[in-house]
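Engineer: coords-v3.txt is reproduced in full below (compact mmCIF, C-alpha atoms).
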```txt
# COMPACT_ATOMS: atom_id res chain seq x y z
CA MET A 1035 0.00 0.00 0.00
CA ASN A 1036 1.43 3.32 -1.05
CA GLY A 1037 0.26 6.69 0.21
CA SER A 1038 -2.82 7.16 2.37
CA LEU A 1039 -6.54 7.54 1.97
CA ARG A 1040 -9.02 9.75 3.79
CA VAL A 1041 -12.57 8.42 4.08
CA ILE A 1042 -15.55 10.08 5.74
CA ALA A 1043 -17.76 7.96 7.99
CA PRO A 1044 -21.17 9.66 8.27
CA ALA A 1045 -23.72 9.28 11.04
CA LYS A 1046 -27.32 8.25 10.29
CA VAL A 1047 -30.89 8.82 11.34
CA ASN A 1048 -33.81 6.43 10.90
CA TRP A 1049 -36.74 7.62 8.87
CA THR A 1050 -38.44 4.43 10.05
CA LEU A 1051 -37.51 1.56 12.35
CA GLU A 1052 -39.96 -1.34 12.66
CA VAL A 1053 -39.58 -4.75 14.27
CA LEU A 1054 -41.54 -7.49 12.57
CA ARG A 1055 -40.77 -10.39 14.88
CA ALA A 1056 -38.22 -12.00 17.18
CA ARG A 1057 -36.03 -14.53 15.35
CA PRO A 1058 -34.94 -17.97 16.57
CA ASP A 1059 -31.27 -16.87 16.34
CA GLY A 1060 -31.77 -14.25 19.04
CA TYR A 1061 -31.96 -11.28 16.67
CA HIS A 1062 -35.05 -9.37 15.59
CA GLU A 1063 -36.39 -9.06 12.06
CA VAL A 1064 -36.37 -5.35 11.23
CA ARG A 1065 -37.47 -3.05 8.44
CA SER A 1066 -35.99 0.42 8.38
CA VAL A 1067 -35.29 3.30 6.03
CA LEU A 1068 -31.96 4.87 6.99
CA GLN A 1069 -30.42 8.18 5.98
CA THR A 1070 -26.81 9.34 6.22
CA ILE A 1071 -26.27 12.88 7.54
CA ASP A 1072 -23.36 15.28 7.28
CA LEU A 1073 -22.15 14.79 10.85
CA HIS A 1074 -19.21 12.45 10.31
CA ASP A 1075 -16.04 10.84 11.61
CA VAL A 1076 -12.90 10.89 9.47
CA VAL A 1077 -10.92 7.69 8.87
CA THR A 1078 -7.39 8.04 7.50
CA LEU A 1079 -5.66 4.85 6.37
CA LEU A 1080 -1.85 4.71 6.19
CA PRO A 1081 0.75 2.00 5.56
CA GLY A 1082 1.58 -0.14 8.57
CA ALA A 1083 3.24 -3.42 9.47
CA GLU A 1084 0.22 -4.53 11.53
CA ILE A 1085 -3.19 -3.20 12.48
CA GLU A 1086 -2.81 -0.09 14.61
CA LEU A 1087 -5.59 2.25 15.77
CA GLN A 1088 -5.15 5.86 16.90
CA ILE A 1089 -8.20 7.87 18.00
CA ALA A 1090 -8.48 11.65 18.28
CA GLY A 1091 -11.28 14.20 18.11
CA PRO A 1092 -13.97 15.47 20.50
CA GLU A 1093 -15.42 11.98 21.15
CA ALA A 1094 -12.09 10.20 21.62
CA GLY A 1095 -12.50 10.25 25.39
CA ALA A 1096 -15.63 8.11 25.14
CA LEU A 1097 -13.47 5.27 23.77
CA ALA A 1098 -10.52 5.71 26.11
CA GLY A 1099 -9.44 2.48 27.75
CA ALA A 1100 -11.40 0.21 25.42
CA PRO A 1101 -9.27 -2.61 23.97
CA GLN A 1102 -8.28 -2.03 20.35
CA GLU A 1103 -9.70 -5.36 19.22
CA SER A 1104 -13.19 -4.34 20.36
CA ASN A 1105 -13.30 -1.35 18.00
CA LEU A 1106 -15.45 -2.03 14.93
CA ALA A 1107 -12.95 -0.30 12.65
CA VAL A 1108 -10.25 -2.76 13.73
CA ARG A 1109 -12.62 -5.71 13.43
CA ALA A 1110 -13.43 -4.59 9.89
CA ALA A 1111 -9.73 -4.51 8.96
CA VAL A 1112 -9.25 -8.00 10.43
CA ALA A 1113 -12.22 -9.32 8.42
CA LEU A 1114 -10.89 -7.83 5.18
CA ILE A 1115 -7.38 -9.19 5.76
CA ARG A 1116 -8.89 -12.62 6.34
CA ARG A 1117 -10.85 -12.31 3.09
CA ALA A 1118 -7.76 -11.11 1.18
CA GLY A 1119 -5.85 -14.16 2.39
CA ALA A 1120 -2.58 -12.29 2.89
CA LYS A 1121 -0.70 -10.81 5.81
CA ARG A 1122 -1.23 -7.06 5.69
CA GLY A 1123 -1.16 -4.14 8.09
CA VAL A 1124 -2.66 -0.68 8.29
CA ARG A 1125 -2.55 2.36 10.57
CA ILE A 1126 -6.05 3.62 11.19
CA LEU A 1127 -6.29 7.23 12.32
CA LEU A 1128 -9.83 7.84 13.56
CA GLU A 1129 -11.09 11.38 14.11
CA LYS A 1130 -14.11 10.73 16.30
CA ASN A 1131 -16.80 13.41 15.94
CA ILE A 1132 -20.00 11.34 16.10
CA PRO A 1133 -21.28 10.96 19.68
CA VAL A 1134 -20.64 7.43 20.95
CA ALA A 1135 -23.51 5.16 22.09
CA ALA A 1136 -26.04 7.71 20.89
CA GLY A 1137 -28.04 5.80 18.26
CA LEU A 1138 -26.22 7.46 15.36
CA GLY A 1139 -24.26 4.47 14.05
CA GLY A 1140 -20.80 5.99 14.39
CA GLY A 1141 -18.86 2.80 15.14
CA SER A 1142 -20.62 0.93 12.35
CA SER A 1143 -19.89 3.75 9.93
CA ASP A 1144 -16.20 3.68 10.90
CA ALA A 1145 -16.11 -0.05 10.13
CA ALA A 1146 -17.66 0.46 6.70
CA ALA A 1147 -15.26 3.32 5.96
CA VAL A 1148 -12.31 1.01 6.70
CA LEU A 1149 -13.70 -1.68 4.40
CA ARG A 1150 -14.37 0.74 1.56
CA GLY A 1151 -11.02 2.48 1.97
CA LEU A 1152 -8.87 -0.64 2.20
CA ASN A 1153 -10.69 -2.18 -0.74
CA ARG A 1154 -9.42 0.73 -2.81
CA LEU A 1155 -5.95 1.08 -1.26
CA TRP A 1156 -5.19 -2.61 -1.57
CA ASP A 1157 -6.80 -2.78 -5.03
CA LEU A 1158 -8.89 -5.77 -3.97
CA GLN A 1159 -11.69 -4.80 -6.37
CA LEU A 1160 -14.37 -6.39 -4.21
CA PRO A 1161 -17.83 -5.38 -5.47
CA PRO A 1162 -20.19 -3.49 -3.11
CA GLU A 1163 -22.23 -6.60 -2.37
CA ASN A 1164 -19.11 -8.43 -1.15
CA LEU A 1165 -18.16 -5.49 1.05
CA ALA A 1166 -21.66 -5.44 2.50
CA GLU A 1167 -21.40 -9.18 3.21
CA LEU A 1168 -18.10 -8.62 5.04
CA ALA A 1169 -19.64 -5.70 6.91
CA GLY A 1170 -22.40 -8.03 8.09
CA GLU A 1171 -19.75 -10.18 9.76
CA VAL A 1172 -18.67 -7.15 11.80
CA GLY A 1173 -22.17 -6.16 12.94
CA SER A 1174 -25.79 -5.56 11.98
CA ASP A 1175 -25.42 -1.88 11.03
CA PRO A 1176 -22.17 -1.64 9.01
CA PRO A 1177 -23.72 -3.02 5.76
CA PHE A 1178 -25.88 0.10 5.40
CA PHE A 1179 -22.83 2.35 5.57
CA CYS A 1180 -21.29 0.50 2.63
CA VAL A 1181 -24.22 1.89 0.61
CA GLY A 1182 -24.91 5.27 2.25
CA GLY A 1183 -27.45 7.87 1.23
CA THR A 1184 -30.99 6.61 1.66
CA ALA A 1185 -31.57 2.86 1.86
CA LEU A 1186 -34.02 0.26 3.06
CA VAL A 1187 -32.58 -2.40 5.36
CA ALA A 1188 -34.11 -5.73 6.30
CA GLY A 1189 -33.28 -8.92 8.16
CA ARG A 1190 -31.19 -8.02 11.20
CA GLY A 1191 -29.79 -5.12 9.13
CA GLU A 1192 -27.57 -7.08 6.74
CA ARG A 1193 -29.88 -6.81 3.70
CA VAL A 1194 -29.58 -3.34 2.19
CA GLU A 1195 -31.46 -1.93 -0.80
CA PRO A 1196 -30.28 1.47 -2.10
CA LEU A 1197 -33.05 4.00 -2.66
CA PRO A 1198 -32.96 7.38 -4.40
CA ASP A 1199 -31.57 10.14 -2.20
CA ALA A 1200 -34.41 11.38 -0.02
CA VAL A 1201 -35.74 14.91 -0.31
CA SER A 1202 -35.65 16.28 3.21
CA PRO A 1203 -35.45 19.58 5.09
CA PRO A 1204 -32.57 20.25 7.49
CA ILE A 1205 -32.58 18.28 10.72
CA LEU A 1206 -32.14 19.38 14.32
CA LEU A 1207 -30.22 16.57 16.01
CA ALA A 1208 -30.19 16.37 19.81
CA THR A 1209 -27.75 14.21 21.78
CA PRO A 1210 -27.48 13.76 25.57
CA PRO A 1211 -24.20 14.38 27.40
CA ARG A 1212 -21.65 11.55 27.28
CA ASP A 1213 -22.22 10.45 30.86
CA GLU A 1214 -25.95 10.00 30.20
CA ARG A 1215 -25.66 7.71 27.18
CA GLY A 1216 -24.42 4.18 27.74
CA GLU A 1217 -25.10 1.19 25.48
CA LYS A 1218 -28.80 0.33 25.88
CA THR A 1219 -29.68 -1.21 22.52
CA ALA A 1220 -30.05 -4.76 23.85
CA ALA A 1221 -32.24 -3.53 26.70
CA MET A 1222 -34.44 -1.59 24.27
CA PHE A 1223 -34.96 -4.67 22.11
CA GLY A 1224 -35.62 -6.72 25.22
CA ALA A 1225 -38.36 -4.34 26.33
CA LEU A 1226 -40.37 -4.74 23.13
CA LEU A 1227 -43.54 -6.81 23.40
CA PRO A 1228 -45.02 -8.83 20.53
CA ALA A 1229 -47.94 -6.37 20.45
CA MET A 1230 -45.45 -3.71 19.36
CA PHE A 1231 -44.32 -5.66 16.29
CA THR A 1232 -45.63 -4.37 12.95
CA ALA A 1233 -45.85 -5.55 9.36
CA GLY A 1234 -43.52 -2.90 7.91
CA ASP A 1235 -46.23 -0.60 6.55
CA ALA A 1236 -44.58 2.59 7.76
CA THR A 1237 -41.37 1.61 6.00
CA ILE A 1238 -43.25 0.82 2.79
CA GLY A 1239 -44.91 4.25 2.98
CA VAL A 1240 -41.63 6.12 3.40
CA ARG A 1241 -40.08 4.09 0.62
CA GLU A 1242 -42.92 5.16 -1.69
CA THR A 1243 -42.32 8.78 -0.68
CA VAL A 1244 -38.61 8.48 -1.43
CA ASP A 1245 -39.17 6.69 -4.74
CA ALA A 1246 -41.63 9.39 -5.81
CA ARG A 1247 -39.14 12.13 -4.84
CA ARG A 1248 -41.68 13.66 -2.50
CA PRO A 1249 -40.29 15.48 0.57
CA ILE A 1250 -39.98 13.51 3.80
CA VAL A 1251 -42.64 14.67 6.26
CA SER A 1252 -42.73 14.11 10.00
CA GLU A 1253 -46.16 12.44 9.97
CA GLU A 1254 -44.82 9.48 7.98
CA LEU A 1255 -41.90 8.69 10.28
CA TYR A 1256 -42.03 5.86 12.80
CA ASN A 1257 -39.73 4.26 15.36
CA VAL A 1258 -40.95 1.33 17.46
CA PHE A 1259 -38.50 2.14 20.25
CA GLU A 1260 -40.43 5.31 21.06
CA ARG A 1261 -42.94 2.94 22.67
CA VAL A 1262 -40.40 1.94 25.35
CA THR A 1263 -38.35 5.15 25.57
CA ALA A 1264 -40.17 6.44 28.66
CA GLU A 1265 -39.32 3.21 30.50
CA LEU A 1266 -35.61 2.97 29.65
CA GLN A 1267 -34.59 6.47 28.56
CA PRO A 1268 -36.80 8.81 30.60
CA ALA A 1269 -34.72 11.95 29.96
CA THR A 1270 -35.08 11.46 26.21
CA ALA A 1271 -38.79 10.78 26.52
CA MET A 1272 -39.35 13.90 28.64
CA ALA A 1273 -37.42 16.12 26.24
CA MET A 1274 -39.32 14.78 23.23
CA GLU A 1275 -42.61 15.31 25.01
CA ALA A 1276 -41.68 18.85 26.05
CA LEU A 1277 -40.96 19.73 22.43
CA ARG A 1278 -44.19 18.05 21.30
CA LEU A 1279 -46.16 20.26 23.68
CA GLN A 1280 -44.61 23.22 21.87
CA GLY A 1281 -45.77 21.86 18.52
CA HIS A 1282 -42.56 20.09 17.40
CA THR A 1283 -42.59 16.36 16.70
CA ALA A 1284 -39.37 14.62 17.71
CA HIS A 1285 -38.25 11.20 16.48
CA LEU A 1286 -35.83 8.76 18.11
CA CYS A 1287 -32.51 7.98 16.40
CA GLY A 1288 -32.15 4.21 16.25
CA ALA A 1289 -32.62 2.83 19.76
CA GLY A 1290 -31.75 6.26 21.21
CA PRO A 1291 -30.97 8.15 23.27
CA SER A 1292 -30.54 10.85 20.58
CA PHE A 1293 -33.55 12.28 18.77
CA PHE A 1294 -34.21 14.61 15.85
CA LEU A 1295 -36.70 17.09 14.42
CA LEU A 1296 -37.36 17.99 10.81
CA LEU A 1297 -36.93 21.75 10.47
CA ALA A 1298 -39.63 23.48 8.48
CA ARG A 1299 -38.62 26.60 6.57
CA GLU A 1300 -40.40 28.80 9.10
CA ALA A 1301 -39.07 26.92 12.15
CA PRO A 1302 -37.67 29.15 14.94
CA VAL A 1303 -34.25 27.51 14.78
CA ASP A 1304 -32.47 29.65 17.36
CA ALA A 1305 -35.30 29.22 19.86
CA LEU A 1306 -35.36 25.46 19.25
CA LEU A 1307 -31.60 25.19 19.79
CA ALA A 1308 -31.90 27.11 23.06
CA ARG A 1309 -34.88 25.05 24.22
CA THR A 1310 -33.09 21.78 23.44
CA ARG A 1311 -30.08 22.90 25.49
CA ASP A 1312 -32.39 23.84 28.35
CA LEU A 1313 -33.73 20.26 28.25
CA GLY A 1314 -30.19 18.94 28.79
CA PHE A 1315 -29.37 17.89 25.22
CA GLU A 1316 -26.70 19.13 22.83
CA PRO A 1317 -28.35 20.27 19.59
CA ARG A 1318 -26.86 20.77 16.14
CA VAL A 1319 -28.37 21.39 12.73
CA VAL A 1320 -27.37 18.76 10.17
CA GLN A 1321 -28.23 18.03 6.55
CA PRO A 1322 -29.14 14.71 4.91
CA LEU A 1323 -26.07 13.42 3.07
CA PRO A 1324 -26.62 11.99 -0.42
CA ARG A 1325 -25.00 8.72 -1.42
CA ARG A 1326 -22.20 10.17 -3.52
CA ALA A 1327 -21.04 12.42 -0.68
CA ALA A 1328 -21.50 9.66 1.93
CA LEU A 1329 -19.07 7.40 0.05
CA ALA A 1330 -16.42 10.07 -0.61
CA GLN A 1331 -12.74 9.09 -0.44
CA ARG A 1332 -9.62 11.17 -1.06
CA SER A 1333 -6.03 10.06 -1.61
CA GLU A 1334 -3.43 12.02 0.34
```
The structure in this file should be written as structure tokens.

Structural biologist:
Amino acid sequence: MNGSLRVIAPAKVNWTLEVLRARPDGYHEVRSVLQTIDLHDVVTLLPGAEIELQIAGPEAGALAGAPQESNLAVRAAVALIRRAGAKRGVRILLEKNIPVAAGLGGGSSDAAAVLRGLNRLWDLQLPPENLAELAGEVGSDPPFFCVGGTALVAGRGERVEPLPDAVSPPILLATPPRDERGEKTAAMFGALLPAMFTAGDATIGVRETVDARRPIVSEELYNVFERVTAELQPATAMAMEALRLQGHTAHLCGAGPSFFLLLAREAPVDALLARTRDLGFEPRVVQPLPRRAALAQRSE
């Protein structure tokens, strides 16, 4: 490998997230329409004798002390080396900007960025479907980030169907402080009751909206985990309810605890930012990121 490569690893929001059933393998069957956004980590890949990870950036502290082999970016490199069938090494410089354990898919996106970047740097010429298959070995969410933009995911998340880039207004994204996050995804799934499972109709509806190039509207969005948020993430539930009482519909990001609002043209953005901070969340305005930008790479 000569030179280096810089790859962005974008965060995501869920336009929909439905659970159809519990599976015999311990996972859940999901249907979801996902969207990359312009909040992103930066992965720089450089020559190395072995796999080495260096983390910097505002969210680096959230990963301090974690063993290198537990990081999804490292696990992705290991999986690709195994597939390539040759002893290789790489230095992974990870600029961590996406809040950790916040429902935004940052670790999964880092893994996909490593797979996409090394596929190019090592001239492996693996097609996207092979990269997505490898990504599925790393976790349920990385396959989506091999596609980016707007996509429908199914199964436990490993089946990804690219959709046209969604038409959407800007998004107000709200994330709790680091010490109030924690990994709660398994608990959120565990709290779901069979009565909360659906047939995927909300996802079908949003897909039709995306295919028709109609703008995404708040009334069509759905996330099953909002039904158990009050029980397991009360601060998130209270903040979302407070905004609802002011006429703003908030939607959970993944299994939380972050949430987002679609910003109408006439939305009082400054007042919403201030109100979100008052509720104990860190707000930022982000844009949906189309597929071409989500998959950007640059040689250095």

Engineer: Rank nothing, just name the residue among A:Ala1169, A:Val1047, A:Leu1306, A:Ala1083 nearest to A:Leu1138, using all atoms listed in the file.

Structural biologist: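 Comparing A:Ala1169, A:Val1047, A:Leu1306, A:Ala1083 against A:Leu1138, the winner is A:Val1047.
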
Engineer: So, with all atoms listed in the file as the atoms that count, which of A:Ala1208, A:Phe1223, A:Pro1268, A:Leu1106 lies closest to A:Asp1312?

Structural biologist: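 Looking only at the distances to A:Asp1312, the closest residue turns out to be A:Ala1208.
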
Engineer: Please identify all polymer residues within 7 Å of A:Leu1051, counting all atoms listed in the file, omitting same-chain residues fewer than 3 positions from it, and present them as a PyMOL selection string.

Structural biologist: chain A and resi 1048+1065-1067+1256-1258

Engineer: With a distance cut-off of 10 Å and all atoms listed in the file, select the neighbouring residues of A:Leu1114, excluding the residue or stretch itself and same-chain residues fewer than 5 positions from it, and output the selection as an mmCIF file with C-alpha atoms, keeping the file's coordinate frame.

Structural biologist:
```cif
data_model
loop_
_atom_site.group_PDB
_atom_site.id
_atom_site.type_symbol
_atom_site.label_atom_id
_atom_site.label_comp_id
_atom_site.auth_asym_id
_atom_site.auth_seq_id
_atom_site.Cartn_x
_atom_site.Cartn_y
_atom_site.Cartn_z
ATOM 1 C CA VAL A 1108 -10.250 -2.760 13.730
ATOM 2 C CA ARG A 1109 -12.620 -5.710 13.430
ATOM 3 C CA GLY A 1119 -5.850 -14.160 2.390
ATOM 4 C CA ALA A 1120 -2.580 -12.290 2.890
ATOM 5 C CA ARG A 1122 -1.230 -7.060 5.690
ATOM 6 C CA VAL A 1148 -12.310 1.010 6.700
ATOM 7 C CA LEU A 1149 -13.700 -1.680 4.400
ATOM 8 C CA ARG A 1150 -14.370 0.740 1.560
ATOM 9 C CA LEU A 1152 -8.870 -0.640 2.200
ATOM 10 C CA ASN A 1153 -10.690 -2.180 -0.740
ATOM 11 C CA LEU A 1158 -8.890 -5.770 -3.970
ATOM 12 C CA LEU A 1165 -18.160 -5.490 1.050
ATOM 13 C CA LEU A 1168 -18.100 -8.620 5.040
ATOM 14 C CA ALA A 1169 -19.640 -5.700 6.910
#
```

Engineer: One decimal, Å: what's the distance from atom CA of A:Arg1241 over to atom CA of A:Ala1188, could you say?

Structural biologist: 12.8 Å

Engineer: Can you tell me how far atom CA of A:Ala1146 sits from atom CA of A:Gly1060, in Å to one decimal?

Structural biologist: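 Here the two named atoms are 23.8 Å from each other.
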
Engineer: What is the atom CA of A:Thr1219-atom CA of A:Val1053 distance in Å, reported with one decimal?

Structural biologist: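 Here the two named atoms are 13.4 Å from each other.
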
Engineer: Give me, as a tab-separated table, the closest atom pair and its distance (Å, one decimal) for every residue of stretch 1054-1162 of chain A within a cut-off of 12 Å of stretch 1228-1240 of chain A, counting all atoms listed in the file, rows sorted by chain and rising number.

Structural biologist:
```
residue	atom	partner	partner_atom	distance
A:Leu1054	CA	A:Phe1231	CA	5.0
A:Arg1055	CA	A:Phe1231	CA	6.1
A:Ala1056	CA	A:Pro1228	CA	8.2
A:Arg1057	CA	A:Pro1228	CA	11.8
A:His1062	CA	A:Phe1231	CA	10.0
A:Glu1063	CA	A:Phe1231	CA	9.6
A:Val1064	CA	A:Gly1234	CA	8.3
A:Arg1065	CA	A:Gly1234	CA	6.1
A:Ser1066	CA	A:Thr1237	CA	6.0
A:Val1067	CA	A:Thr1237	CA	6.3
A:Leu1068	CA	A:Thr1237	CA	10.0
A:Gln1069	CA	A:Val1240	CA	11.7
```

Engineer: Have a look at A:Val1244, A:Met1222, A:Ala1166, A:Val1201 and name the one nearest to A:Leu1296; count all atoms listed in the file.

Structural biologist: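 Result for the nearest residue to A:Leu1296: A:Val1201.
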
Engineer: Can you pull out the residues contacting A:Lys1218? Cut-off 10 Å, using all atoms listed in the file, and skip same-chain residues under 5 positions away; I want them as a list in words.

Structural biologist: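 Once the adjacent positions are removed, what remains is Ala1135, Ala1136, Gly1137, Phe1223, Gly1224, Leu1266, Gln1267, Ala1289, Gly1290 and Pro1291 of chain A.
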
Engineer: Which one of A:Pro1203, A:Gly1288, A:Leu1160, A:Glu1334 sits closest to A:Glu1300 if you count only C-alpha atoms?

Structural biologist: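 Answer, going by the shortest atom-to-atom distance: A:Pro1203.
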
Engineer: Given the choices A:Pro1198, A:Gly1170, A:Pro1211, A:Gly1281, which gets closest to A:Glu1242 if the distance is worked out from only C-alpha atoms?

Structural biologist: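 That would be A:Pro1198, the residue with the smallest distance to A:Glu1242.
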
Engineer: Counting only C-alpha atoms, which residue out of A:Val1187, A:Ile1205, A:Leu1323, A:Leu1313 sits closest to A:Ala1276?

Structural biologist: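 Closest residue, counting only C-alpha atoms: A:Leu1313.
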
Engineer: Which residues are near A:Ala1284? Cut-off 10 Å, all atoms listed in the file, ignore same chain within fewer than 4 positions. Put them as a compact mmCIF listing (two decimals) with C-alpha atoms, keeping the file's coordinate frame.

Structural biologist:
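Full text of result-v6.txt as output:
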```txt
# COMPACT_ATOMS: atom_id res chain seq x y z
CA LEU A 1206 -32.14 19.38 14.32
CA LEU A 1207 -30.22 16.57 16.01
CA ALA A 1208 -30.19 16.37 19.81
CA SER A 1252 -42.73 14.11 10.00
CA LEU A 1255 -41.90 8.69 10.28
CA GLU A 1260 -40.43 5.31 21.06
CA ALA A 1271 -38.79 10.78 26.52
CA ALA A 1273 -37.42 16.12 26.24
CA MET A 1274 -39.32 14.78 23.23
CA GLU A 1275 -42.61 15.31 25.01
CA ALA A 1276 -41.68 18.85 26.05
CA LEU A 1277 -40.96 19.73 22.43
CA ARG A 1278 -44.19 18.05 21.30
CA PHE A 1293 -33.55 12.28 18.77
CA PHE A 1294 -34.21 14.61 15.85
CA LEU A 1295 -36.70 17.09 14.42
CA LEU A 1296 -37.36 17.99 10.81
```

Engineer: Please provide as a list in words all residues within 8 Å of A:Ser1202, with the sequence filter that same-chain residues fewer than 3 positions apart are discarded (counting only C-alpha atoms).

Structural biologist: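 That gives Pro1249, Ile1250, Val1251, Leu1296 and Pro1322 of chain A.
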
Engineer: Which polymer residues, whether protein, DNA or RNA, lie within 9 Å of the coordinate (-28.0, 25.4, 18.2) when you count all atoms listed in the file? List them as a list in words, using the chain letters and numbers from the file.

Structural biologist: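 The distance filter leaves exactly Leu1206, Val1303, Asp1304, Ala1305, Leu1306, Leu1307, Ala1308, Thr1310, Arg1311, Glu1316, Pro1317, Arg1318 and Val1319 of chain A.
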